[in-house]
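> Please read through the structure below; I'll follow up with questions.
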Amino acid sequence: MPAMLKIWAQKTAAEKKSKSRLSPFLIRLQKDLSELARDSNTDIEFANPSDQTKFTVVYRPPIGIYVGGQFRFSFEITDDYPHTAPKVLCVQKIYHPNIDTEGHVCLNVLREDWNPVLNIQSVIFGLQMLFTAPNPEDPLNTDAAQNMINDLSGFKQNVAASMKGGNVKGVKYECVLASAAHSRDCC
């Protein structure tokens, strides 16, 4: 084989090999996903199994005022992960002081407290804590936060009504009941 042809073949083989390597953010993402602590209250769903950068986390709180609900969060991981936090949205309209009606989530690890040491599990844990102990002091839904601060009993009634797909203060919410998502328990 002429020398020039041999060099060309080696260059082409090296280019193919480098293209098949995963980028650093995908390596980190795969590591984080493989190390997730699985529990019976949280599921991870991939709409496209070949794309690990977009997935849904489904959480069913076992305790607290949101017990009985099933809450879905879309995660999108950008190529600057872990230097940038995942983009997380609640895909359902829910009545929660830390989640607005468009699904934006007020969680410190998604904003100012994010750093590359944190991971997907940190975000999932933060979401779980929002349902165990909602924080009306750092709200996105100010009406829900004020309701929680001023009238906890009324807040709990509004949460129950909204989880069944009812109206709260003129806003229609989606039924998020885990056991009755399309049954007579929903409005």
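Ligands are numbered from 1 in the order shown, residues from 1 within each chain, and chains are lettered A, B, ... in the order they appear in the structure tokens.
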Excluding Thr56 in chain A and its own-chain neighbours fewer than 2 positions away, which residues fall within 6 Å of it when counting only C-alpha atoms? Please give them as a VMD selection string.
chain A and resid 44 to 45 73 to 75
> If you run DSSP on this backbone, which residues of range 8-93 of chain A come out as strand (DSSP E or B), and could you give them as an MDAnalysis selection string?
chainID A and resid 39 42:45 54:59 69 71:76 87:90
> May I have the selected residues written with N, CA and C atoms, as an mmCIF file, in the first residue's frame?

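Wrote selection00.cif, looks like this:
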```cif
data_model
loop_
_atom_site.group_PDB
_atom_site.id
_atom_site.type_symbol
_atom_site.label_atom_id
_atom_site.label_comp_id
_atom_site.auth_asym_id
_atom_site.auth_seq_id
_atom_site.Cartn_x
_atom_site.Cartn_y
_atom_site.Cartn_z
ATOM 1 N N ASP A 39 -36.841 3.653 44.162
ATOM 2 C CA ASP A 39 -37.797 3.351 45.220
ATOM 3 C C ASP A 39 -39.169 3.157 44.588
ATOM 4 N N THR A 42 -41.038 6.385 42.993
ATOM 5 C CA THR A 42 -40.455 7.188 41.925
ATOM 6 C C THR A 42 -40.106 6.308 40.732
ATOM 7 N N ASP A 43 -40.546 6.743 39.553
ATOM 8 C CA ASP A 43 -40.218 6.041 38.311
ATOM 9 C C ASP A 43 -39.524 7.003 37.358
ATOM 10 N N ILE A 44 -38.676 6.457 36.505
ATOM 11 C CA ILE A 44 -38.023 7.217 35.444
ATOM 12 C C ILE A 44 -38.504 6.613 34.128
ATOM 13 N N GLU A 45 -39.012 7.459 33.234
ATOM 14 C CA GLU A 45 -39.514 6.992 31.939
ATOM 15 C C GLU A 45 -38.764 7.701 30.815
ATOM 16 N N LYS A 54 -33.455 13.360 27.664
ATOM 17 C CA LYS A 54 -34.842 13.762 27.915
ATOM 18 C C LYS A 54 -35.583 12.586 28.534
ATOM 19 N N PHE A 55 -36.137 12.830 29.709
ATOM 20 C CA PHE A 55 -36.875 11.771 30.392
ATOM 21 C C PHE A 55 -37.881 12.389 31.343
ATOM 22 N N THR A 56 -38.740 11.546 31.884
ATOM 23 C CA THR A 56 -39.775 11.982 32.809
ATOM 24 C C THR A 56 -39.586 11.263 34.134
ATOM 25 N N VAL A 57 -39.689 12.015 35.207
ATOM 26 C CA VAL A 57 -39.675 11.443 36.548
ATOM 27 C C VAL A 57 -41.112 11.506 37.058
ATOM 28 N N VAL A 58 -41.620 10.371 37.509
ATOM 29 C CA VAL A 58 -42.972 10.283 38.064
ATOM 30 C C VAL A 58 -42.824 10.016 39.555
ATOM 31 N N TYR A 59 -43.424 10.890 40.347
ATOM 32 C CA TYR A 59 -43.311 10.759 41.803
ATOM 33 C C TYR A 59 -44.687 10.666 42.439
ATOM 34 N N GLY A 69 -51.339 11.444 45.077
ATOM 35 C CA GLY A 69 -51.107 12.054 43.769
ATOM 36 C C GLY A 69 -49.972 11.387 43.022
ATOM 37 N N PHE A 71 -47.221 12.758 40.234
ATOM 38 C CA PHE A 71 -46.741 13.993 39.637
ATOM 39 C C PHE A 71 -45.618 13.714 38.645
ATOM 40 N N ARG A 72 -45.739 14.298 37.468
ATOM 41 C CA ARG A 72 -44.808 14.040 36.369
ATOM 42 C C ARG A 72 -43.946 15.270 36.108
ATOM 43 N N PHE A 73 -42.638 15.047 36.020
ATOM 44 C CA PHE A 73 -41.680 16.114 35.762
ATOM 45 C C PHE A 73 -40.828 15.756 34.549
ATOM 46 N N SER A 74 -40.795 16.661 33.584
ATOM 47 C CA SER A 74 -39.922 16.442 32.436
ATOM 48 C C SER A 74 -38.535 16.983 32.779
ATOM 49 N N PHE A 75 -37.525 16.217 32.406
ATOM 50 C CA PHE A 75 -36.132 16.601 32.604
ATOM 51 C C PHE A 75 -35.495 16.733 31.228
ATOM 52 N N GLU A 76 -34.746 17.795 31.047
ATOM 53 C CA GLU A 76 -33.950 17.955 29.837
ATOM 54 C C GLU A 76 -32.530 18.305 30.267
ATOM 55 N N LYS A 87 -32.990 21.099 33.100
ATOM 56 C CA LYS A 87 -34.217 21.885 32.966
ATOM 57 C C LYS A 87 -35.360 20.968 33.386
ATOM 58 N N VAL A 88 -36.110 21.395 34.378
ATOM 59 C CA VAL A 88 -37.161 20.553 34.961
ATOM 60 C C VAL A 88 -38.474 21.329 34.960
ATOM 61 N N LEU A 89 -39.534 20.684 34.461
ATOM 62 C CA LEU A 89 -40.878 21.255 34.465
ATOM 63 C C LEU A 89 -41.864 20.214 34.955
ATOM 64 N N CYS A 90 -42.844 20.646 35.729
ATOM 65 C CA CYS A 90 -43.965 19.771 36.081
ATOM 66 C C CYS A 90 -44.905 19.791 34.882
#
```
> Can you list, as a PyMOL selection string, every protein, DNA or RNA residue that comes within 9 Å of Ile120 in chain A when you count only C-alpha atoms, leaving out same-chain residues fewer than 3 positions away?
chain A and resi 29+32-33+36+85-86+123-125
> As a list of chain:residue names, please: the residues near Gly165 in chain A (cut-off 12 Å, only C-alpha atoms, same-chain neighbours under 3 positions excluded).
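So the residues in contact are A:Gly69, A:Gln92, A:Lys93, A:Ile94, A:Tyr95, A:Asn158, A:Val159, A:Ala160, A:Ala161, A:Ser162, A:Val168, A:Val171, A:Lys172, A:Tyr173, A:Glu174, A:Cys175, A:Val176, A:Leu177, A:Ala180, A:Ala181, A:His182, A:Ser183, A:Arg184, A:Asp185, A:Cys186, A:Cys187.
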> Put those residues in a file: C-alpha atoms, as a short mmCIF file (atom, residue, chain, number, x, y, z; two decimals), in the first residue's frame.

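Final file, selection11.cif:
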```cif
data_model
loop_
_atom_site.label_atom_id
_atom_site.label_comp_id
_atom_site.auth_asym_id
_atom_site.auth_seq_id
_atom_site.Cartn_x
_atom_site.Cartn_y
_atom_site.Cartn_z
CA GLY A 69 -51.11 12.05 43.77
CA GLN A 92 -49.32 18.84 34.98
CA LYS A 93 -51.03 21.95 36.29
CA ILE A 94 -50.96 21.51 40.06
CA TYR A 95 -51.74 23.66 43.11
CA ASN A 158 -57.61 23.41 47.88
CA VAL A 159 -54.85 20.84 47.34
CA ALA A 160 -57.38 18.01 47.64
CA ALA A 161 -59.78 19.72 45.21
CA SER A 162 -57.02 20.49 42.70
CA VAL A 168 -59.33 26.59 42.82
CA VAL A 171 -58.10 27.96 37.87
CA LYS A 172 -58.89 24.45 36.57
CA TYR A 173 -56.33 21.85 37.62
CA GLU A 174 -55.54 18.42 36.22
CA CYS A 175 -56.53 15.27 38.02
CA VAL A 176 -53.33 13.81 39.42
CA LEU A 177 -54.76 11.02 41.57
CA ALA A 180 -58.06 7.14 39.89
CA ALA A 181 -56.54 9.10 37.00
CA HIS A 182 -59.54 8.45 34.77
CA SER A 183 -62.21 7.36 37.18
CA ARG A 184 -65.12 8.81 39.05
CA ASP A 185 -62.77 10.27 41.70
CA CYS A 186 -61.70 12.98 39.24
CA CYS A 187 -63.83 15.99 38.37
#
```
